[in-house]
Amino acid sequence: MSASPRRRHAAPPPQLSLDLGTDDAPVPPAHPRDGPDRTAALAQYRRRARFYDLELMVFEPIRRIAIGLLGLRPGDVVLDLGCGTGLSLARLRAAVGERGRVIGVEQCPEMIAQARARVQAAGWRNVTLICAPVESARIPVRADAALFHFTHDVLRRDDAIDNVLTHLRPGATVVASGLKWAPLWAVPVNVFVLNAALYSVTSLAGLDAPWSRLASRLVGLEVRPMLAGGVYVARGRRAAQRRDAPTAG
Ligand SMILES: C[S@@+](CC[C@H](N)C(=O)[O-])C[C@H]1O[C@@H](n2cnc3c(N)ncnc32)[C@H](O)[C@@H]1O
């Protein structure tokens, strides 16, 4: 990775639309065999960025369900991890209203450029975009909710999940959704999942239970299989006290 010499600014005030630029925090090495490969992911989404919104249309009903499960209220602060081209931003912003705040984190410059254009076109002043890997992003808030929508690579990283949890208030809602293996007998569904996964993630590891790393960190995790078991939506809460991570600053 080529390190950017740019330094970050102090945390911005609420109601400010801001792009924090490329985060320059150190990025841990990838483990291509066992987990996500950042270099491969950047290349994958660099290629897909221009057509991504069309490709995702088939999954839009899942997005609606996932965002609904966040239970957002006006004034809430919500994180959209691996926000891609910003397809969730309009719904998230509508749910938190003018007084709330949406923070999108995305590592692929080509994907976040589309999200940036979306924010500018809509004139949203309370949407902040951070171009950085979730695992090292410097998130300038303590949020009420977090969304991981079709971000399997992010969910396979303990460091990414821990960074997010550090920036959630106790009791915050976490929703994750995405592809998963269907039961073995559902062969056509698994053929679809395999093809979609090869196209959109860099490691198939964990597709049997993509929420597993959240499960050990959240309380009350519920998982709902959808689309014949080839997709899931999971929801849980950040515990009031976490023993496995430092208190949020
Ligand atoms: C399938 S897309 C989902 C995008 C968006 N959440 C949506 O609902 O349309 C996965 C996104 O996760 C991003 N991504 C993968 N690993 C990441 C990481 N470690 N940190 C930040 N973004 C990541 C990719 O660049 C890509 O934009």
# chains A, B, ... in the order shown; residues from 1 in each chain; ligands from 1

call {"tool": "residues_near_ligand", "arguments": {"ligand": "ligand 1", "cutoff": "7 Å", "atoms": "only C-alpha atoms and all ligand atoms", "output": "PyMOL selection string"}}
result
chain A and resi 38+41-42+45+56+63+81-88+105-108+111+132-135+148-151+153-154+160+200

call {"tool": "select_by_dssp", "arguments": {"residues": "range 43-239 of chain A", "states": "alpha helix (DSSP H)", "output": "tab-separated table (two decimals) with N, CA and C atoms, in the first residue's frame"}}
result
chain	number	residue	atom	x	y	z
A	43	ALA	N	-8.67	-4.33	-5.93
A	43	ALA	CA	-8.72	-4.54	-7.38
A	43	ALA	C	-10.13	-4.96	-7.81
A	44	GLN	N	-10.73	-5.85	-7.01
A	44	GLN	CA	-12.08	-6.34	-7.32
A	44	GLN	C	-13.07	-5.18	-7.43
A	45	TYR	N	-13.05	-4.28	-6.44
A	45	TYR	CA	-14.05	-3.21	-6.42
A	45	TYR	C	-13.65	-2.02	-7.29
A	46	ARG	N	-12.38	-1.89	-7.59
A	46	ARG	CA	-11.98	-0.88	-8.57
A	46	ARG	C	-12.64	-1.21	-9.91
A	47	ARG	N	-12.62	-2.51	-10.26
A	47	ARG	CA	-13.23	-2.94	-11.52
A	47	ARG	C	-14.75	-2.78	-11.50
A	48	ARG	N	-15.36	-3.04	-10.36
A	48	ARG	CA	-16.82	-3.11	-10.29
A	48	ARG	C	-17.51	-1.76	-10.07
A	52	TYR	N	-21.57	-1.21	-10.19
A	52	TYR	CA	-21.95	-1.86	-8.94
A	52	TYR	C	-23.43	-1.69	-8.59
A	53	ASP	N	-23.96	-0.48	-8.76
A	53	ASP	CA	-25.34	-0.23	-8.34
A	53	ASP	C	-26.33	-1.11	-9.11
A	54	LEU	N	-26.05	-1.31	-10.40
A	54	LEU	CA	-26.93	-2.18	-11.20
A	54	LEU	C	-26.84	-3.62	-10.71
A	55	GLU	N	-25.61	-4.06	-10.45
A	55	GLU	CA	-25.40	-5.45	-10.04
A	55	GLU	C	-26.10	-5.78	-8.72
A	60	GLU	N	-31.72	-5.51	-3.27
A	60	GLU	CA	-32.25	-4.31	-2.61
A	60	GLU	C	-33.29	-4.61	-1.52
A	61	PRO	N	-34.17	-5.61	-1.71
A	61	PRO	CA	-35.12	-5.91	-0.61
A	61	PRO	C	-34.41	-6.30	0.68
A	62	ILE	N	-33.25	-6.95	0.56
A	62	ILE	CA	-32.49	-7.33	1.77
A	62	ILE	C	-31.96	-6.07	2.45
A	63	ARG	N	-31.53	-5.11	1.66
A	63	ARG	CA	-31.02	-3.85	2.24
A	63	ARG	C	-32.13	-3.17	3.06
A	64	ARG	N	-33.34	-3.16	2.47
A	64	ARG	CA	-34.46	-2.50	3.17
A	64	ARG	C	-34.71	-3.18	4.52
A	65	ILE	N	-34.68	-4.50	4.53
A	65	ILE	CA	-34.92	-5.25	5.77
A	65	ILE	C	-33.79	-4.97	6.77
A	66	ALA	N	-32.56	-5.02	6.29
A	66	ALA	CA	-31.41	-4.83	7.19
A	66	ALA	C	-31.45	-3.45	7.83
A	67	ILE	N	-31.73	-2.44	7.04
A	67	ILE	CA	-31.75	-1.07	7.59
A	67	ILE	C	-32.93	-0.92	8.55
A	68	GLY	N	-34.04	-1.54	8.22
A	68	GLY	CA	-35.20	-1.49	9.13
A	68	GLY	C	-34.86	-2.08	10.49
A	69	LEU	N	-34.08	-3.16	10.49
A	69	LEU	CA	-33.73	-3.83	11.75
A	69	LEU	C	-32.81	-2.98	12.64
A	89	LEU	N	-27.04	4.95	1.94
A	89	LEU	CA	-26.99	6.26	2.59
A	89	LEU	C	-28.34	6.96	2.65
A	90	ALA	N	-29.11	6.90	1.57
A	90	ALA	CA	-30.38	7.64	1.54
A	90	ALA	C	-31.33	7.11	2.62
A	91	ARG	N	-31.43	5.80	2.72
A	91	ARG	CA	-32.32	5.22	3.74
A	91	ARG	C	-31.82	5.52	5.15
A	92	LEU	N	-30.53	5.40	5.35
A	92	LEU	CA	-29.98	5.66	6.68
A	92	LEU	C	-30.22	7.11	7.08
A	93	ARG	N	-29.98	8.00	6.15
A	93	ARG	CA	-30.14	9.41	6.44
A	93	ARG	C	-31.60	9.76	6.68
A	94	ALA	N	-32.47	9.16	5.90
A	94	ALA	CA	-33.91	9.42	6.11
A	94	ALA	C	-34.31	8.97	7.52
A	95	ALA	N	-33.72	7.88	7.99
A	95	ALA	CA	-34.10	7.35	9.31
A	95	ALA	C	-33.56	8.21	10.46
A	96	VAL	N	-32.38	8.78	10.30
A	96	VAL	CA	-31.81	9.57	11.42
A	96	VAL	C	-32.18	11.05	11.31
A	109	PRO	N	-11.12	3.55	-3.20
A	109	PRO	CA	-11.33	4.94	-3.65
A	109	PRO	C	-12.36	5.06	-4.76
A	110	GLU	N	-12.39	4.09	-5.67
A	110	GLU	CA	-13.34	4.18	-6.78
A	110	GLU	C	-14.78	4.00	-6.29
A	111	MET	N	-14.97	3.14	-5.31
A	111	MET	CA	-16.32	2.94	-4.75
A	111	MET	C	-16.75	4.19	-3.97
A	112	ILE	N	-15.88	4.69	-3.13
A	112	ILE	CA	-16.29	5.82	-2.29
A	112	ILE	C	-16.46	7.09	-3.12
A	113	ALA	N	-15.82	7.14	-4.27
A	113	ALA	CA	-16.02	8.31	-5.15
A	113	ALA	C	-17.48	8.38	-5.59
A	114	GLN	N	-18.08	7.21	-5.82
A	114	GLN	CA	-19.50	7.19	-6.21
A	114	GLN	C	-20.37	7.63	-5.03
A	115	ALA	N	-19.98	7.20	-3.84
A	115	ALA	CA	-20.74	7.60	-2.65
A	115	ALA	C	-20.63	9.11	-2.44
A	116	ARG	N	-19.45	9.62	-2.64
A	116	ARG	CA	-19.19	11.06	-2.50
A	116	ARG	C	-20.08	11.85	-3.48
A	117	ALA	N	-20.15	11.37	-4.72
A	117	ALA	CA	-20.98	12.05	-5.72
A	117	ALA	C	-22.45	12.02	-5.29
A	118	ARG	N	-22.86	10.91	-4.72
A	118	ARG	CA	-24.24	10.76	-4.25
A	118	ARG	C	-24.54	11.79	-3.14
A	119	VAL	N	-23.60	11.92	-2.22
A	119	VAL	CA	-23.78	12.85	-1.09
A	119	VAL	C	-23.83	14.29	-1.61
A	120	GLN	N	-22.93	14.59	-2.53
A	120	GLN	CA	-22.91	15.96	-3.06
A	120	GLN	C	-24.16	16.28	-3.84
A	121	ALA	N	-24.61	15.32	-4.67
A	121	ALA	CA	-25.80	15.56	-5.49
A	121	ALA	C	-27.02	15.80	-4.61
A	122	ALA	N	-27.09	15.07	-3.50
A	122	ALA	CA	-28.25	15.20	-2.62
A	122	ALA	C	-28.11	16.38	-1.66
A	152	HIS	N	-18.67	-9.28	3.65
A	152	HIS	CA	-18.12	-10.50	4.24
A	152	HIS	C	-16.64	-10.35	4.60
A	153	ASP	N	-15.87	-9.73	3.71
A	153	ASP	CA	-14.43	-9.56	4.01
A	153	ASP	C	-14.23	-8.80	5.32
A	154	VAL	N	-15.06	-7.80	5.55
A	154	VAL	CA	-14.91	-7.01	6.79
A	154	VAL	C	-15.27	-7.87	8.00
A	155	LEU	N	-16.32	-8.64	7.86
A	155	LEU	CA	-16.80	-9.46	9.00
A	155	LEU	C	-15.87	-10.60	9.34
A	158	ASP	N	-11.27	-9.79	12.87
A	158	ASP	CA	-11.50	-9.42	14.27
A	158	ASP	C	-11.14	-7.96	14.51
A	159	ASP	N	-10.03	-7.51	13.88
A	159	ASP	CA	-9.60	-6.13	14.14
A	159	ASP	C	-10.61	-5.12	13.61
A	160	ALA	N	-11.25	-5.45	12.48
A	160	ALA	CA	-12.25	-4.53	11.93
A	160	ALA	C	-13.47	-4.46	12.86
A	161	ILE	N	-13.93	-5.61	13.31
A	161	ILE	CA	-15.10	-5.63	14.19
A	161	ILE	C	-14.78	-4.90	15.49
A	162	ASP	N	-13.59	-5.15	16.04
A	162	ASP	CA	-13.24	-4.51	17.31
A	162	ASP	C	-13.12	-2.99	17.16
A	163	ASN	N	-12.59	-2.55	16.02
A	163	ASN	CA	-12.52	-1.10	15.82
A	163	ASN	C	-13.91	-0.48	15.79
A	164	VAL	N	-14.84	-1.18	15.16
A	164	VAL	CA	-16.21	-0.66	15.10
A	164	VAL	C	-16.84	-0.67	16.49
A	165	LEU	N	-16.69	-1.77	17.22
A	165	LEU	CA	-17.33	-1.88	18.54
A	165	LEU	C	-16.81	-0.81	19.49
A	166	THR	N	-15.56	-0.45	19.32
A	166	THR	CA	-14.98	0.60	20.15
A	166	THR	C	-15.69	1.94	19.93
A	187	VAL	N	-28.74	-27.25	-3.77
A	187	VAL	CA	-27.59	-27.14	-4.69
A	187	VAL	C	-27.65	-25.90	-5.59
A	188	PRO	N	-28.79	-25.63	-6.24
A	188	PRO	CA	-28.81	-24.45	-7.12
A	188	PRO	C	-28.54	-23.15	-6.36
A	189	VAL	N	-29.06	-23.08	-5.12
A	189	VAL	CA	-28.82	-21.87	-4.32
A	189	VAL	C	-27.33	-21.74	-4.04
A	190	ASN	N	-26.69	-22.87	-3.72
A	190	ASN	CA	-25.26	-22.79	-3.40
A	190	ASN	C	-24.40	-22.50	-4.64
A	191	VAL	N	-24.89	-22.92	-5.79
A	191	VAL	CA	-24.18	-22.55	-7.03
A	191	VAL	C	-24.23	-21.03	-7.21
A	192	PHE	N	-25.41	-20.47	-6.93
A	192	PHE	CA	-25.56	-19.01	-7.02
A	192	PHE	C	-24.66	-18.32	-5.99
A	193	VAL	N	-24.68	-18.82	-4.75
A	193	VAL	CA	-23.87	-18.21	-3.69
A	193	VAL	C	-22.39	-18.29	-4.06
A	194	LEU	N	-21.95	-19.45	-4.57
A	194	LEU	CA	-20.54	-19.60	-4.93
A	194	LEU	C	-20.13	-18.58	-5.98
A	195	ASN	N	-20.95	-18.46	-7.02
A	195	ASN	CA	-20.61	-17.52	-8.10
A	195	ASN	C	-20.61	-16.07	-7.59
A	196	ALA	N	-21.62	-15.74	-6.81
A	196	ALA	CA	-21.70	-14.37	-6.28
A	196	ALA	C	-20.53	-14.10	-5.34
A	197	ALA	N	-20.17	-15.09	-4.53
A	197	ALA	CA	-19.08	-14.89	-3.57
A	197	ALA	C	-17.73	-14.77	-4.28
A	198	LEU	N	-17.51	-15.61	-5.30
A	198	LEU	CA	-16.23	-15.52	-6.02
A	198	LEU	C	-16.06	-14.15	-6.65
A	199	TYR	N	-17.18	-13.51	-6.94
A	199	TYR	CA	-17.18	-12.20	-7.59
A	199	TYR	C	-17.05	-11.06	-6.59
A	200	SER	N	-17.39	-11.31	-5.33
A	200	SER	CA	-17.53	-10.18	-4.42
A	200	SER	C	-16.76	-10.28	-3.10
A	212	SER	N	-20.19	-15.21	12.62
A	212	SER	CA	-19.60	-15.89	13.78
A	212	SER	C	-18.70	-14.98	14.62
A	213	ARG	N	-17.97	-14.09	13.98
A	213	ARG	CA	-17.08	-13.22	14.76
A	213	ARG	C	-17.85	-12.13	15.49
A	214	LEU	N	-19.04	-11.81	15.00
A	214	LEU	CA	-19.91	-10.89	15.74
A	214	LEU	C	-20.53	-11.62	16.93
A	215	ALA	N	-20.83	-12.91	16.72
A	215	ALA	CA	-21.58	-13.66	17.74
A	215	ALA	C	-20.85	-13.67	19.08

call {"tool": "select_by_dssp", "arguments": {"residues": "range 18-189 of chain A", "states": "strand (DSSP E)", "output": "MDAnalysis selection string"}}
result
chainID A and resid 18:22 77:81 101:106 127:131 143:149 168:179

call {"tool": "write_last_selection", "arguments": {"atoms": "N, CA and C atoms", "output": "compact mmCIF listing (two decimals), in the first residue's frame"}}
result
# COMPACT_ATOMS: atom_id res chain seq x y z
N LEU A 18 -18.39 15.96 5.26
CA LEU A 18 -16.93 16.02 5.21
C LEU A 18 -16.37 14.73 4.66
N ASP A 19 -15.42 14.83 3.79
CA ASP A 19 -14.68 13.65 3.37
C ASP A 19 -13.32 13.72 4.03
N LEU A 20 -13.01 12.74 4.84
CA LEU A 20 -11.77 12.81 5.60
C LEU A 20 -10.56 12.37 4.78
N GLY A 21 -10.79 12.03 3.51
CA GLY A 21 -9.67 11.65 2.67
C GLY A 21 -9.18 10.25 3.00
N THR A 22 -8.03 9.90 2.47
CA THR A 22 -7.50 8.57 2.68
C THR A 22 -6.82 8.47 4.04
N VAL A 77 -26.86 8.40 15.49
CA VAL A 77 -25.63 8.36 14.68
C VAL A 77 -25.44 6.91 14.24
N VAL A 78 -25.25 6.69 12.94
CA VAL A 78 -25.15 5.32 12.42
C VAL A 78 -23.90 5.17 11.56
N LEU A 79 -23.24 4.03 11.69
CA LEU A 79 -22.06 3.71 10.88
C LEU A 79 -22.47 2.77 9.76
N ASP A 80 -21.98 3.04 8.55
CA ASP A 80 -22.20 2.16 7.40
C ASP A 80 -20.82 1.65 6.98
N LEU A 81 -20.50 0.41 7.42
CA LEU A 81 -19.14 -0.12 7.24
C LEU A 81 -19.01 -0.82 5.89
N ARG A 101 -26.75 11.62 12.18
CA ARG A 101 -25.49 11.63 11.43
C ARG A 101 -25.22 10.25 10.87
N VAL A 102 -24.71 10.20 9.65
CA VAL A 102 -24.34 8.94 9.01
C VAL A 102 -22.85 9.01 8.70
N ILE A 103 -22.13 7.94 9.09
CA ILE A 103 -20.69 7.87 8.80
C ILE A 103 -20.46 6.64 7.92
N GLY A 104 -19.97 6.84 6.71
CA GLY A 104 -19.65 5.72 5.83
C GLY A 104 -18.15 5.48 5.82
N VAL A 105 -17.76 4.20 5.93
CA VAL A 105 -16.33 3.85 5.86
C VAL A 105 -16.15 2.89 4.68
N GLU A 106 -15.20 3.18 3.82
CA GLU A 106 -14.99 2.36 2.62
C GLU A 106 -13.52 2.48 2.20
N VAL A 127 -23.70 13.67 6.39
CA VAL A 127 -23.13 12.39 5.98
C VAL A 127 -21.62 12.56 5.84
N THR A 128 -20.85 11.76 6.55
CA THR A 128 -19.39 11.84 6.51
C THR A 128 -18.85 10.57 5.88
N LEU A 129 -17.93 10.71 4.95
CA LEU A 129 -17.33 9.54 4.29
C LEU A 129 -15.85 9.45 4.64
N ILE A 130 -15.43 8.27 5.04
CA ILE A 130 -14.03 8.05 5.41
C ILE A 130 -13.46 6.98 4.48
N CYS A 131 -12.44 7.34 3.72
CA CYS A 131 -11.81 6.37 2.82
C CYS A 131 -10.68 5.67 3.58
N ALA A 143 -21.26 5.78 18.04
CA ALA A 143 -22.52 5.67 17.30
C ALA A 143 -23.57 4.86 18.03
N ASP A 144 -24.81 5.01 17.57
CA ASP A 144 -25.95 4.28 18.14
C ASP A 144 -26.22 2.98 17.40
N ALA A 145 -25.66 2.84 16.20
CA ALA A 145 -25.95 1.66 15.40
C ALA A 145 -24.88 1.48 14.33
N ALA A 146 -24.75 0.24 13.86
CA ALA A 146 -23.77 -0.05 12.80
C ALA A 146 -24.35 -1.04 11.82
N LEU A 147 -24.07 -0.81 10.54
CA LEU A 147 -24.55 -1.68 9.48
C LEU A 147 -23.37 -2.27 8.71
N PHE A 148 -23.38 -3.60 8.57
CA PHE A 148 -22.42 -4.30 7.70
C PHE A 148 -23.26 -4.97 6.61
N HIS A 149 -23.48 -4.31 5.51
CA HIS A 149 -24.36 -4.87 4.47
C HIS A 149 -23.51 -5.43 3.33
N LEU A 168 -18.97 2.27 19.25
CA LEU A 168 -20.43 2.14 19.46
C LEU A 168 -20.72 2.33 20.94
N ARG A 169 -21.83 2.97 21.23
CA ARG A 169 -22.22 3.11 22.64
C ARG A 169 -22.73 1.76 23.15
N PRO A 170 -22.65 1.54 24.45
CA PRO A 170 -23.20 0.30 25.00
C PRO A 170 -24.67 0.17 24.61
N GLY A 171 -25.06 -1.02 24.19
CA GLY A 171 -26.45 -1.24 23.79
C GLY A 171 -26.73 -0.90 22.34
N ALA A 172 -25.74 -0.40 21.62
CA ALA A 172 -25.95 -0.03 20.21
C ALA A 172 -26.35 -1.26 19.39
N THR A 173 -27.14 -1.04 18.37
CA THR A 173 -27.61 -2.13 17.51
C THR A 173 -26.62 -2.36 16.37
N VAL A 174 -26.33 -3.63 16.10
CA VAL A 174 -25.46 -3.99 14.98
C VAL A 174 -26.24 -4.93 14.07
N VAL A 175 -26.31 -4.59 12.79
CA VAL A 175 -26.97 -5.46 11.81
C VAL A 175 -25.94 -5.84 10.74
N ALA A 176 -25.91 -7.13 10.43
CA ALA A 176 -25.05 -7.62 9.34
C ALA A 176 -25.92 -8.42 8.38
N SER A 177 -25.59 -8.35 7.10
CA SER A 177 -26.35 -9.11 6.11
C SER A 177 -25.41 -9.47 4.97
N GLY A 178 -25.79 -10.52 4.24
CA GLY A 178 -24.95 -10.91 3.11
C GLY A 178 -25.18 -12.35 2.70
N LEU A 179 -24.25 -12.82 1.87
CA LEU A 179 -24.33 -14.18 1.36
C LEU A 179 -23.96 -15.18 2.44

call {"tool": "atom_distance", "arguments": {"atom1": "CA of Arg50 in chain A", "atom2": "CA of Val233 in chain A"}}
result
26.3 Å

call {"tool": "atom_distance", "arguments": {"atom1": "CA of Ser136 in chain A", "atom2": "CA of Gly35 in chain A"}}
result
16.7 Å

call {"tool": "atom_distance", "arguments": {"atom1": "CA of Arg125 in chain A", "atom2": "CA of Met57 in chain A"}}
result
26.3 Å

call {"tool": "closest_residue", "arguments": {"among": "A:Trp181, A:Tyr232, A:Trp124, A:Phe59", "to": "Leu207 in chain A", "atoms": "only C-alpha atoms"}}
result
A:Trp181

call {"tool": "decode", "arguments": {"residues": "range 48-78 of chain A", "atoms": "N, CA and C atoms", "output": "mmCIF file, in the first residue's frame"}}
result
data_model
loop_
_atom_site.group_PDB
_atom_site.id
_atom_site.type_symbol
_atom_site.label_atom_id
_atom_site.label_comp_id
_atom_site.auth_asym_id
_atom_site.auth_seq_id
_atom_site.Cartn_x
_atom_site.Cartn_y
_atom_site.Cartn_z
ATOM 1 N N ARG A 48 -15.362 -3.038 -10.356
ATOM 2 C CA ARG A 48 -16.824 -3.108 -10.295
ATOM 3 C C ARG A 48 -17.508 -1.762 -10.071
ATOM 4 N N ALA A 49 -16.739 -0.762 -9.628
ATOM 5 C CA ALA A 49 -17.361 0.461 -9.100
ATOM 6 C C ALA A 49 -18.407 1.071 -10.037
ATOM 7 N N ARG A 50 -18.099 1.116 -11.334
ATOM 8 C CA ARG A 50 -18.991 1.829 -12.258
ATOM 9 C C ARG A 50 -20.326 1.126 -12.450
ATOM 10 N N PHE A 51 -20.326 -0.200 -12.313
ATOM 11 C CA PHE A 51 -21.545 -0.967 -12.590
ATOM 12 C C PHE A 51 -22.185 -1.513 -11.318
ATOM 13 N N TYR A 52 -21.571 -1.212 -10.192
ATOM 14 C CA TYR A 52 -21.945 -1.856 -8.940
ATOM 15 C C TYR A 52 -23.435 -1.690 -8.593
ATOM 16 N N ASP A 53 -23.961 -0.478 -8.761
ATOM 17 C CA ASP A 53 -25.345 -0.227 -8.340
ATOM 18 C C ASP A 53 -26.328 -1.108 -9.110
ATOM 19 N N LEU A 54 -26.054 -1.312 -10.397
ATOM 20 C CA LEU A 54 -26.930 -2.177 -11.202
ATOM 21 C C LEU A 54 -26.836 -3.617 -10.715
ATOM 22 N N GLU A 55 -25.611 -4.056 -10.451
ATOM 23 C CA GLU A 55 -25.398 -5.455 -10.040
ATOM 24 C C GLU A 55 -26.098 -5.777 -8.723
ATOM 25 N N LEU A 56 -26.230 -4.788 -7.861
ATOM 26 C CA LEU A 56 -26.783 -5.040 -6.524
ATOM 27 C C LEU A 56 -28.305 -4.954 -6.466
ATOM 28 N N MET A 57 -28.936 -4.605 -7.595
ATOM 29 C CA MET A 57 -30.385 -4.360 -7.560
ATOM 30 C C MET A 57 -31.177 -5.550 -7.029
ATOM 31 N N VAL A 58 -30.704 -6.743 -7.372
ATOM 32 C CA VAL A 58 -31.434 -7.945 -6.972
ATOM 33 C C VAL A 58 -31.501 -8.081 -5.445
ATOM 34 N N PHE A 59 -30.544 -7.491 -4.746
ATOM 35 C CA PHE A 59 -30.502 -7.629 -3.281
ATOM 36 C C PHE A 59 -31.122 -6.432 -2.544
ATOM 37 N N GLU A 60 -31.723 -5.510 -3.267
ATOM 38 C CA GLU A 60 -32.248 -4.308 -2.610
ATOM 39 C C GLU A 60 -33.291 -4.605 -1.521
ATOM 40 N N PRO A 61 -34.172 -5.611 -1.710
ATOM 41 C CA PRO A 61 -35.119 -5.905 -0.611
ATOM 42 C C PRO A 61 -34.405 -6.295 0.683
ATOM 43 N N ILE A 62 -33.251 -6.948 0.562
ATOM 44 C CA ILE A 62 -32.490 -7.326 1.770
ATOM 45 C C ILE A 62 -31.957 -6.066 2.453
ATOM 46 N N ARG A 63 -31.528 -5.110 1.663
ATOM 47 C CA ARG A 63 -31.023 -3.847 2.239
ATOM 48 C C ARG A 63 -32.131 -3.170 3.062
ATOM 49 N N ARG A 64 -33.344 -3.160 2.474
ATOM 50 C CA ARG A 64 -34.464 -2.504 3.167
ATOM 51 C C ARG A 64 -34.709 -3.177 4.521
ATOM 52 N N ILE A 65 -34.680 -4.501 4.528
ATOM 53 C CA ILE A 65 -34.918 -5.248 5.770
ATOM 54 C C ILE A 65 -33.791 -4.966 6.768
ATOM 55 N N ALA A 66 -32.562 -5.024 6.292
ATOM 56 C CA ALA A 66 -31.406 -4.834 7.188
ATOM 57 C C ALA A 66 -31.451 -3.450 7.829
ATOM 58 N N ILE A 67 -31.728 -2.442 7.039
ATOM 59 C CA ILE A 67 -31.754 -1.072 7.590
ATOM 60 C C ILE A 67 -32.929 -0.917 8.552
ATOM 61 N N GLY A 68 -34.044 -1.544 8.225
ATOM 62 C CA GLY A 68 -35.198 -1.488 9.132
ATOM 63 C C GLY A 68 -34.862 -2.082 10.493
ATOM 64 N N LEU A 69 -34.080 -3.160 10.488
ATOM 65 C CA LEU A 69 -33.730 -3.833 11.749
ATOM 66 C C LEU A 69 -32.810 -2.984 12.636
ATOM 67 N N LEU A 70 -32.195 -1.982 12.070
ATOM 68 C CA LEU A 70 -31.346 -1.104 12.892
ATOM 69 C C LEU A 70 -32.185 -0.320 13.902
ATOM 70 N N GLY A 71 -33.480 -0.154 13.604
ATOM 71 C CA GLY A 71 -34.366 0.561 14.531
ATOM 72 C C GLY A 71 -33.923 1.990 14.785
ATOM 73 N N LEU A 72 -33.485 2.656 13.744
ATOM 74 C CA LEU A 72 -32.946 4.022 13.911
ATOM 75 C C LEU A 72 -34.032 5.016 14.288
ATOM 76 N N ARG A 73 -33.636 6.010 15.074
ATOM 77 C CA ARG A 73 -34.551 7.086 15.462
ATOM 78 C C ARG A 73 -33.937 8.422 15.070
ATOM 79 N N PRO A 74 -34.789 9.446 14.902
ATOM 80 C CA PRO A 74 -34.253 10.771 14.558
ATOM 81 C C PRO A 74 -33.195 11.197 15.571
ATOM 82 N N GLY A 75 -32.093 11.690 15.055
ATOM 83 C CA GLY A 75 -31.006 12.154 15.922
ATOM 84 C C GLY A 75 -29.931 11.107 16.149
ATOM 85 N N ASP A 76 -30.176 9.862 15.741
ATOM 86 C CA ASP A 76 -29.178 8.808 15.934
ATOM 87 C C ASP A 76 -27.947 9.028 15.052
ATOM 88 N N VAL A 77 -26.860 8.401 15.486
ATOM 89 C CA VAL A 77 -25.625 8.364 14.684
ATOM 90 C C VAL A 77 -25.442 6.915 14.239
ATOM 91 N N VAL A 78 -25.252 6.693 12.942
ATOM 92 C CA VAL A 78 -25.147 5.320 12.424
ATOM 93 C C VAL A 78 -23.905 5.171 11.557
#
